[in-house]
Amino acid sequence: MRLVHAPARWLQPLPGLIAALFALLFAGFLLVTRGETEQLRTAQLEQDMLWQKQAIEQQAEANREALLALAATLPGQDYTAPPFQARVLTLIQTNPEIVGLAIHNGGARARWTAPQARHTQPFSGSTGWGALQVVDGQPLVTYTTVTPDHGNYIVATIALDVLLQHQVPWWLGQRYQVSLLGPDHAVLASKYQRQFDPADKAYTIRLDRPPLGLTLAARAYNTPRTLLADLLPWLLFILAGAMLASTWALRRHIRKREHTEAQLRSETALRLAMENSLVTGLRATDLEGRILHVNRGYCEMTGYSADELTGLLPPFPYWPPEEIERCMAASDAILAGQLDPNGFSVRFMHRDGERFDVRLYASRLIDGDGKHIGWMNAMYDITELRRERKALQASHERFVTVLNGLDAAVAVSDTDTGELLMSNLQFDRAFGLPDWRGRCCIVPFVKRRNEPPVDAEWYDIFSKRWYQIKSRQSVWVDGSAVWLEIATDITALKTAAERERRQNETLQQTARLISMGEMASSLAHELNQPLGAIASYASGCRNILGSPDPNLKQLAQALDKMAEQAKRAGQIIRGIREFVQRRAPSRKRCEIGTLLDTVLGLLGHEIVRRDADVSLQQSTDLPSLYADPVMLEQVIFNLIKNALEAMDATPPARRALAISLTRDGDYLRVTIADRGPGLSPEQLEQLFKPFFTTKDTGMGMGLNICRSIIEHHQGRMWVEANPGGGSRFIFTVPFSEEPDAIEP
């Protein structure tokens with residue numbers, strides 16, 4: 001027993017001696033480090049001022065870029081427009097140092113001043129940074145930028161004192177008194193704590209931007225030494241003495257420790273029983289990695305008994321040969337104290353050769369004296385969990401692959417914050433989002449609404465491309481409300497539609513010229529009538545004038561008749577010229593009855609030649625149309641002409657052409673019915689297709705052009721069988737009852 005307790009007698013005062021030695025060393029350390037502290041403060045001051053300089057210069061550059069961006073949006077837009085004023089308000093609110101903003105057209109007087117501005121400086125006549133001015137004790141500087149069209153100048157007034165107050169963070173103001181000095185080193189603005197006194201020595205650094213010759217100065221606050229700092233070495237000596245006294249007091253507790261150790265052994269046995277009941281594998285190793293203890297769960301996982309494992313050093317027998325390097329790396333990391341809070345994922349081998357995946361967690365093993373004596377490892381079997389995770393990962397990869405393979409741009413954003421939660425590769429490429437973007441917000445393509453879902457077209461002014469937008473509200477994986485937006489590039493479709501429109505316009509012109517060729521004989525007949533009447537009236541006038549007593553009243557009537565016939569001939573020629581003139585659609589208010597009369601006048605000779613009976617049924621409450629009258633005349637002309645030609649084989653007694661003008665809600669409904677042979681179902685399916693015709697001559701473009709004209713007027717055209725024989729062509733166009741209606 002004496003041999004056992006002898007070391008304990010001289011070890012008992014050892015902590016006190018160590019504490020006294022530590023106090024002496026610590027006191028010396030305080031004296032040595034006092035000078036180093038001042039050097040560190042100086043280095044910290046230089047580093048903080050370099051950071052503060054960069055912050056102020058970056059804010060000045062940010063203000064300059066914001067003003068350039070604001071100027072870029074002004075051309076073509078009224079500066080009194082709400083969108084432009086909203087941008088100005090946002091700029092002033094987010095940059096409080098901008099205290100004034102005005103728009104000049106080159107003169108000294110401002111055309112417009114922001115209502116939120118507090119100070120406005122006059123325009124100096126040049127762009128860029130202006131001279132430093134002090135107005136009412138406030139240092140001000142102006143920055144002037146010109147719009148891209150060089151029509152306006154935007155002059156912004158920046159308060160340097162406000163810039164300093166917002167750019168110096170609170171923690172820096174707690175350390176130093178920061179001042180902004182002018183070119184003459186006079187103090188323009190300062191930020192400081194009034195309860196602290198600054199030191200005499202100041203550190204200055206010159207600002208590179210804006211180019212005004214400004215200097216940033218900082219003075220560290222004097223921090224008086226506390227009484228505790230002076231008394232700390234003495235307190236350490238007192239603490240060392242107290243520790244020496246406590247060492248002697250520990251002798252009184254030795255017997256109590258023996259009793260406590262007995263209780264500890266009992267408690268250890270209980271904890272061992274609890275430990276062996278766990279399904280988690282537990283392993284204790286010393287600092288060299290030697291196994292000190294394993295529980296029952298660890299033995300069941302590896303297939304080795306506790307006696308077989310205790311005392312072994314790495315590599316262990318349950319490490320698979322193919323995983324030796326990986327297992328050794330995990331073991332070395334644990335022994336080196338590089339403990340990963342997420343654990344180490346390794347693969348072990350059962351004694352019978354079966355492999356299984358485990359997650360290995362490690363922590364320091366501390367004995368009863370608080371000494372680090374080794375490492376405690378907890379092992380969890382994650383074979384099934386890893387199998388499920390791989391299946392989930394494979395499913396996710398398939399989903400991402402399909403999503404990135406789409407030609408459409410897909411994005412999911414939070415409903416409340418607008419944060420971009422997910423996007424596919426096409427979305428990132430189309431709208432220039434880099435891989436390193438991190439968290440960001442997106443602006444909706446179109447105005448969102450819950451019901452019905454949004455389907456609209458959107459034009460990207462930057463890439464100059466058209467997109468078909470489909471927006472749907474949905475629920476994200478965490479239960480939050482999100483918007484799913486799919487943008488499909490339809491630029492090629494838009495281009496094709498525009499090309500088809502131009503082609504249809506060309507075909508319409510061609511069709512009008514062809515129609516004019518077919519109408520040549522009718523036009524000759526129509527013009528011969530007024531010309532023959534004019535010749536007759538002229539002969540009568542000559543006879544009246546040749547009589548001894550001319551009847552002047554009769555002569556005046558004959559001259560009026562001649563003028564009417566000449567006017568009629570001019571109207572016929574002018575109508576034909578407008579009909580064949582190639583021009584862009586020109587909408588104006590017109591009456592359907594007037595258009596129909598014009599067409600019937602053009603086809604009057606054709607109707608008489610074919611001996612057709614034309615009947616007209618027209619409602620009395622038809623409003624005006626807002627359309628291109630020449631285009632509608634062409635549609636009516638082609639439909640009536642086709643109806644007349646369709647009745648060539650019909651007996652003259654049955655050649656009836658019925659025209660009906662009725663109102664169908666907000667639309668005009670025009671029906672042209674003939675008594676021809678009618679159309680077969682196969683012909684009805686292809687009737688409006690380009691280059692399809694049922695006649696021996698013709699291009700087959702007339703009905704296709706007619707349908708295009710009607711659809712251009714937001715109407716529709718179709719054909720159906722006429723009861724009693726023949727066909728009935730019907731088209732509708734919307735009315736425009738508003739007096740200020742404009743072309744859509």
# chains A, B, ... in the order shown; residues from 1 in each chain; ligands from 1
call {"tool": "select_by_dssp", "arguments": {"residues": "range 81-155 of chain A", "states": "strand (DSSP E or B)", "output": "number ranges by chain"}}
result
A: 98-104, 112-113, 128-129, 133-135, 138-146, 153-155
call {"tool": "residues_around", "arguments": {"residues": "range 262-273 of chain A", "least_positions_apart": "5", "cutoff": "12 Å", "atoms": "only C-alpha atoms", "output": "ChimeraX atom specification"}}
result
/A:255-257,278,282,293-297,368
call {"tool": "select_by_dssp", "arguments": {"residues": "range 79-267 of chain A", "states": "alpha helix (DSSP H)", "output": "ChimeraX atom specification"}}
result
/A:82-94,160-167,170-175,227-250,254-267
call {"tool": "atom_distance", "arguments": {"atom1": "CA of Glu606 in chain A", "atom2": "CA of Ala649 in chain A"}}
result
15.5 Å
call {"tool": "closest_residue", "arguments": {"among": "A:Ala333, A:Ala656, A:Ile592, A:Leu21", "to": "Ala612 in chain A", "atoms": "only C-alpha atoms"}}
result
A:Ala656
call {"tool": "closest_residue", "arguments": {"among": "A:Asp666, A:Glu500, A:Arg675, A:Phe462", "to": "Asp648 in chain A", "atoms": "only C-alpha atoms"}}
result
A:Arg675
call {"tool": "atom_distance", "arguments": {"atom1": "CA of Ala362 in chain A", "atom2": "CA of Ala336 in chain A"}}
result
11.4 Å
call {"tool": "atom_distance", "arguments": {"atom1": "CA of Arg501 in chain A", "atom2": "CA of His712 in chain A"}}
result
9.5 Å
call {"tool": "closest_residue", "arguments": {"among": "A:Asp286, A:Asp332, A:Glu384, A:Glu645", "to": "Ile366 in chain A", "atoms": "only C-alpha atoms"}}
result
A:Asp286
call {"tool": "closest_residue", "arguments": {"among": "A:Trp476, A:Tyr667, A:Tyr626, A:Phe729", "to": "Asn638 in chain A", "atoms": "only C-alpha atoms"}}
result
A:Phe729
call {"tool": "residues_around", "arguments": {"residues": "range 34-47 of chain A", "least_positions_apart": "5", "cutoff": "12 Å", "atoms": "only C-alpha atoms", "output": "number ranges by chain"}}
result
A: 27-29, 52-54, 172-173, 175-178, 201-205, 216-223, 225, 229-230
call {"tool": "residues_around", "arguments": {"residues": "Glu323 in chain A", "least_positions_apart": "5", "cutoff": "9 Å", "atoms": "only C-alpha atoms", "output": "list of chain:residue names"}}
result
A:Met328, A:Val346, A:Arg347, A:Phe348
call {"tool": "write_last_selection", "arguments": {"atoms": "all heavy atoms", "output": "PDB file, in the first residue's frame"}}
result
ATOM      1  N   MET A 328      -8.066   3.377 -43.673  1.00  0.00           N
ATOM      2  CA  MET A 328      -6.879   3.891 -43.004  1.00  0.00           C
ATOM      3  C   MET A 328      -6.898   5.419 -42.971  1.00  0.00           C
ATOM      4  O   MET A 328      -6.490   6.039 -41.978  1.00  0.00           O
ATOM      5  CB  MET A 328      -5.626   3.395 -43.720  1.00  0.00           C
ATOM      6  CG  MET A 328      -4.320   3.813 -43.040  1.00  0.00           C
ATOM      7  SD  MET A 328      -4.171   3.190 -41.352  1.00  0.00           S
ATOM      8  CE  MET A 328      -3.847   1.440 -41.699  1.00  0.00           C
ATOM      9  N   VAL A 346     -17.573   4.925 -44.470  1.00  0.00           N
ATOM     10  CA  VAL A 346     -16.644   3.870 -44.862  1.00  0.00           C
ATOM     11  C   VAL A 346     -17.421   2.574 -45.059  1.00  0.00           C
ATOM     12  O   VAL A 346     -18.613   2.472 -44.719  1.00  0.00           O
ATOM     13  CB  VAL A 346     -15.536   3.674 -43.808  1.00  0.00           C
ATOM     14  CG1 VAL A 346     -14.636   4.890 -43.730  1.00  0.00           C
ATOM     15  CG2 VAL A 346     -16.148   3.387 -42.443  1.00  0.00           C
ATOM     16  N   ARG A 347     -16.723   1.585 -45.593  1.00  0.00           N
ATOM     17  CA  ARG A 347     -17.319   0.266 -45.812  1.00  0.00           C
ATOM     18  C   ARG A 347     -16.510  -0.767 -45.016  1.00  0.00           C
ATOM     19  O   ARG A 347     -15.287  -0.814 -45.115  1.00  0.00           O
ATOM     20  CB  ARG A 347     -17.326  -0.094 -47.297  1.00  0.00           C
ATOM     21  CG  ARG A 347     -17.782  -1.506 -47.594  1.00  0.00           C
ATOM     22  CD  ARG A 347     -18.076  -1.706 -49.063  1.00  0.00           C
ATOM     23  NE  ARG A 347     -19.242  -0.916 -49.477  1.00  0.00           N
ATOM     24  CZ  ARG A 347     -19.779  -0.962 -50.681  1.00  0.00           C
ATOM     25  NH1 ARG A 347     -19.238  -1.744 -51.619  1.00  0.00           N
ATOM     26  NH2 ARG A 347     -20.830  -0.229 -50.973  1.00  0.00           N
ATOM     27  N   PHE A 348     -17.232  -1.589 -44.196  1.00  0.00           N
ATOM     28  CA  PHE A 348     -16.620  -2.635 -43.397  1.00  0.00           C
ATOM     29  C   PHE A 348     -17.027  -3.998 -43.933  1.00  0.00           C
ATOM     30  O   PHE A 348     -17.883  -4.108 -44.829  1.00  0.00           O
ATOM     31  CB  PHE A 348     -17.021  -2.503 -41.927  1.00  0.00           C
ATOM     32  CG  PHE A 348     -16.306  -1.379 -41.215  1.00  0.00           C
ATOM     33  CD1 PHE A 348     -16.711  -0.958 -39.947  1.00  0.00           C
ATOM     34  CD2 PHE A 348     -15.227  -0.738 -41.799  1.00  0.00           C
ATOM     35  CE1 PHE A 348     -16.055   0.059 -39.290  1.00  0.00           C
ATOM     36  CE2 PHE A 348     -14.562   0.282 -41.149  1.00  0.00           C
ATOM     37  CZ  PHE A 348     -14.987   0.688 -39.897  1.00  0.00           C
TER      38      PHE A 348
END
call {"tool": "decode", "arguments": {"residues": "range 549-560 of chain A", "atoms": "all heavy atoms", "output": "PDB file, in the first residue's frame"}}
result
ATOM      1  N   ASP A 549     -83.365  81.126-130.809  1.00  0.00           N
ATOM      2  CA  ASP A 549     -83.663  81.579-129.444  1.00  0.00           C
ATOM      3  C   ASP A 549     -83.300  80.442-128.482  1.00  0.00           C
ATOM      4  O   ASP A 549     -84.148  79.606-128.142  1.00  0.00           O
ATOM      5  CB  ASP A 549     -85.149  81.952-129.339  1.00  0.00           C
ATOM      6  CG  ASP A 549     -85.464  82.588-127.995  1.00  0.00           C
ATOM      7  OD1 ASP A 549     -84.499  82.938-127.261  1.00  0.00           O
ATOM      8  OD2 ASP A 549     -86.663  82.707-127.665  1.00  0.00           O
ATOM      9  N   PRO A 550     -82.023  80.359-128.043  1.00  0.00           N
ATOM     10  CA  PRO A 550     -81.607  79.216-127.177  1.00  0.00           C
ATOM     11  C   PRO A 550     -82.345  79.230-125.850  1.00  0.00           C
ATOM     12  O   PRO A 550     -82.534  80.279-125.241  1.00  0.00           O
ATOM     13  CB  PRO A 550     -80.113  79.433-126.976  1.00  0.00           C
ATOM     14  CG  PRO A 550     -79.712  80.532-127.905  1.00  0.00           C
ATOM     15  CD  PRO A 550     -80.912  81.276-128.323  1.00  0.00           C
ATOM     16  N   ASN A 551     -82.708  78.011-125.395  1.00  0.00           N
ATOM     17  CA  ASN A 551     -83.350  77.831-124.075  1.00  0.00           C
ATOM     18  C   ASN A 551     -82.224  77.627-123.053  1.00  0.00           C
ATOM     19  O   ASN A 551     -81.663  76.539-122.913  1.00  0.00           O
ATOM     20  CB  ASN A 551     -84.290  76.628-124.090  1.00  0.00           C
ATOM     21  CG  ASN A 551     -85.103  76.550-122.799  1.00  0.00           C
ATOM     22  OD1 ASN A 551     -84.788  77.181-121.808  1.00  0.00           O
ATOM     23  ND2 ASN A 551     -86.165  75.749-122.839  1.00  0.00           N
ATOM     24  N   LEU A 552     -81.894  78.722-122.337  1.00  0.00           N
ATOM     25  CA  LEU A 552     -80.755  78.662-121.401  1.00  0.00           C
ATOM     26  C   LEU A 552     -81.025  77.727-120.222  1.00  0.00           C
ATOM     27  O   LEU A 552     -80.113  77.074-119.707  1.00  0.00           O
ATOM     28  CB  LEU A 552     -80.436  80.078-120.893  1.00  0.00           C
ATOM     29  CG  LEU A 552     -80.008  81.083-121.963  1.00  0.00           C
ATOM     30  CD1 LEU A 552     -79.712  82.445-121.346  1.00  0.00           C
ATOM     31  CD2 LEU A 552     -78.795  80.561-122.719  1.00  0.00           C
ATOM     32  N   LYS A 553     -82.253  77.659-119.775  1.00  0.00           N
ATOM     33  CA  LYS A 553     -82.568  76.763-118.651  1.00  0.00           C
ATOM     34  C   LYS A 553     -82.362  75.317-119.050  1.00  0.00           C
ATOM     35  O   LYS A 553     -81.786  74.516-118.291  1.00  0.00           O
ATOM     36  CB  LYS A 553     -84.002  77.015-118.214  1.00  0.00           C
ATOM     37  CG  LYS A 553     -84.403  76.174-117.017  1.00  0.00           C
ATOM     38  CD  LYS A 553     -85.829  76.508-116.586  1.00  0.00           C
ATOM     39  CE  LYS A 553     -86.202  75.675-115.358  1.00  0.00           C
ATOM     40  NZ  LYS A 553     -87.589  75.975-114.908  1.00  0.00           N
ATOM     41  N   GLN A 554     -82.813  74.965-120.235  1.00  0.00           N
ATOM     42  CA  GLN A 554     -82.607  73.593-120.727  1.00  0.00           C
ATOM     43  C   GLN A 554     -81.117  73.318-120.933  1.00  0.00           C
ATOM     44  O   GLN A 554     -80.636  72.213-120.680  1.00  0.00           O
ATOM     45  CB  GLN A 554     -83.379  73.404-122.039  1.00  0.00           C
ATOM     46  CG  GLN A 554     -83.366  71.967-122.534  1.00  0.00           C
ATOM     47  CD  GLN A 554     -84.202  71.813-123.816  1.00  0.00           C
ATOM     48  OE1 GLN A 554     -84.655  72.808-124.402  1.00  0.00           O
ATOM     49  NE2 GLN A 554     -84.404  70.579-124.230  1.00  0.00           N
ATOM     50  N   LEU A 555     -80.381  74.368-121.396  1.00  0.00           N
ATOM     51  CA  LEU A 555     -78.940  74.205-121.581  1.00  0.00           C
ATOM     52  C   LEU A 555     -78.238  73.949-120.245  1.00  0.00           C
ATOM     53  O   LEU A 555     -77.335  73.111-120.138  1.00  0.00           O
ATOM     54  CB  LEU A 555     -78.371  75.464-122.249  1.00  0.00           C
ATOM     55  CG  LEU A 555     -76.851  75.465-122.497  1.00  0.00           C
ATOM     56  CD1 LEU A 555     -76.471  74.342-123.450  1.00  0.00           C
ATOM     57  CD2 LEU A 555     -76.415  76.819-123.051  1.00  0.00           C
ATOM     58  N   ALA A 556     -78.668  74.655-119.192  1.00  0.00           N
ATOM     59  CA  ALA A 556     -78.058  74.460-117.861  1.00  0.00           C
ATOM     60  C   ALA A 556     -78.323  73.051-117.332  1.00  0.00           C
ATOM     61  O   ALA A 556     -77.444  72.406-116.734  1.00  0.00           O
ATOM     62  CB  ALA A 556     -78.601  75.516-116.891  1.00  0.00           C
ATOM     63  N   GLN A 557     -79.538  72.548-117.566  1.00  0.00           N
ATOM     64  CA  GLN A 557     -79.844  71.184-117.115  1.00  0.00           C
ATOM     65  C   GLN A 557     -78.967  70.163-117.838  1.00  0.00           C
ATOM     66  O   GLN A 557     -78.482  69.197-117.238  1.00  0.00           O
ATOM     67  CB  GLN A 557     -81.323  70.886-117.368  1.00  0.00           C
ATOM     68  CG  GLN A 557     -82.261  71.690-116.491  1.00  0.00           C
ATOM     69  CD  GLN A 557     -83.728  71.416-116.826  1.00  0.00           C
ATOM     70  OE1 GLN A 557     -84.038  70.714-117.818  1.00  0.00           O
ATOM     71  NE2 GLN A 557     -84.639  71.980-116.022  1.00  0.00           N
ATOM     72  N   ALA A 558     -78.745  70.369-119.130  1.00  0.00           N
ATOM     73  CA  ALA A 558     -77.906  69.437-119.887  1.00  0.00           C
ATOM     74  C   ALA A 558     -76.463  69.476-119.384  1.00  0.00           C
ATOM     75  O   ALA A 558     -75.795  68.434-119.270  1.00  0.00           O
ATOM     76  CB  ALA A 558     -77.967  69.795-121.378  1.00  0.00           C
ATOM     77  N   LEU A 559     -75.988  70.682-119.066  1.00  0.00           N
ATOM     78  CA  LEU A 559     -74.615  70.776-118.531  1.00  0.00           C
ATOM     79  C   LEU A 559     -74.497  70.091-117.166  1.00  0.00           C
ATOM     80  O   LEU A 559     -73.483  69.462-116.848  1.00  0.00           O
ATOM     81  CB  LEU A 559     -74.205  72.252-118.423  1.00  0.00           C
ATOM     82  CG  LEU A 559     -74.019  72.992-119.757  1.00  0.00           C
ATOM     83  CD1 LEU A 559     -73.738  74.474-119.528  1.00  0.00           C
ATOM     84  CD2 LEU A 559     -72.887  72.359-120.558  1.00  0.00           C
ATOM     85  N   ASP A 560     -75.549  70.209-116.316  1.00  0.00           N
ATOM     86  CA  ASP A 560     -75.520  69.514-115.012  1.00  0.00           C
ATOM     87  C   ASP A 560     -75.481  68.009-115.206  1.00  0.00           C
ATOM     88  O   ASP A 560     -74.766  67.282-114.484  1.00  0.00           O
ATOM     89  CB  ASP A 560     -76.740  69.913-114.182  1.00  0.00           C
ATOM     90  CG  ASP A 560     -76.677  71.362-113.721  1.00  0.00           C
ATOM     91  OD1 ASP A 560     -75.551  71.914-113.698  1.00  0.00           O
ATOM     92  OD2 ASP A 560     -77.735  71.923-113.377  1.00  0.00           O
TER      93      ASP A 560
END
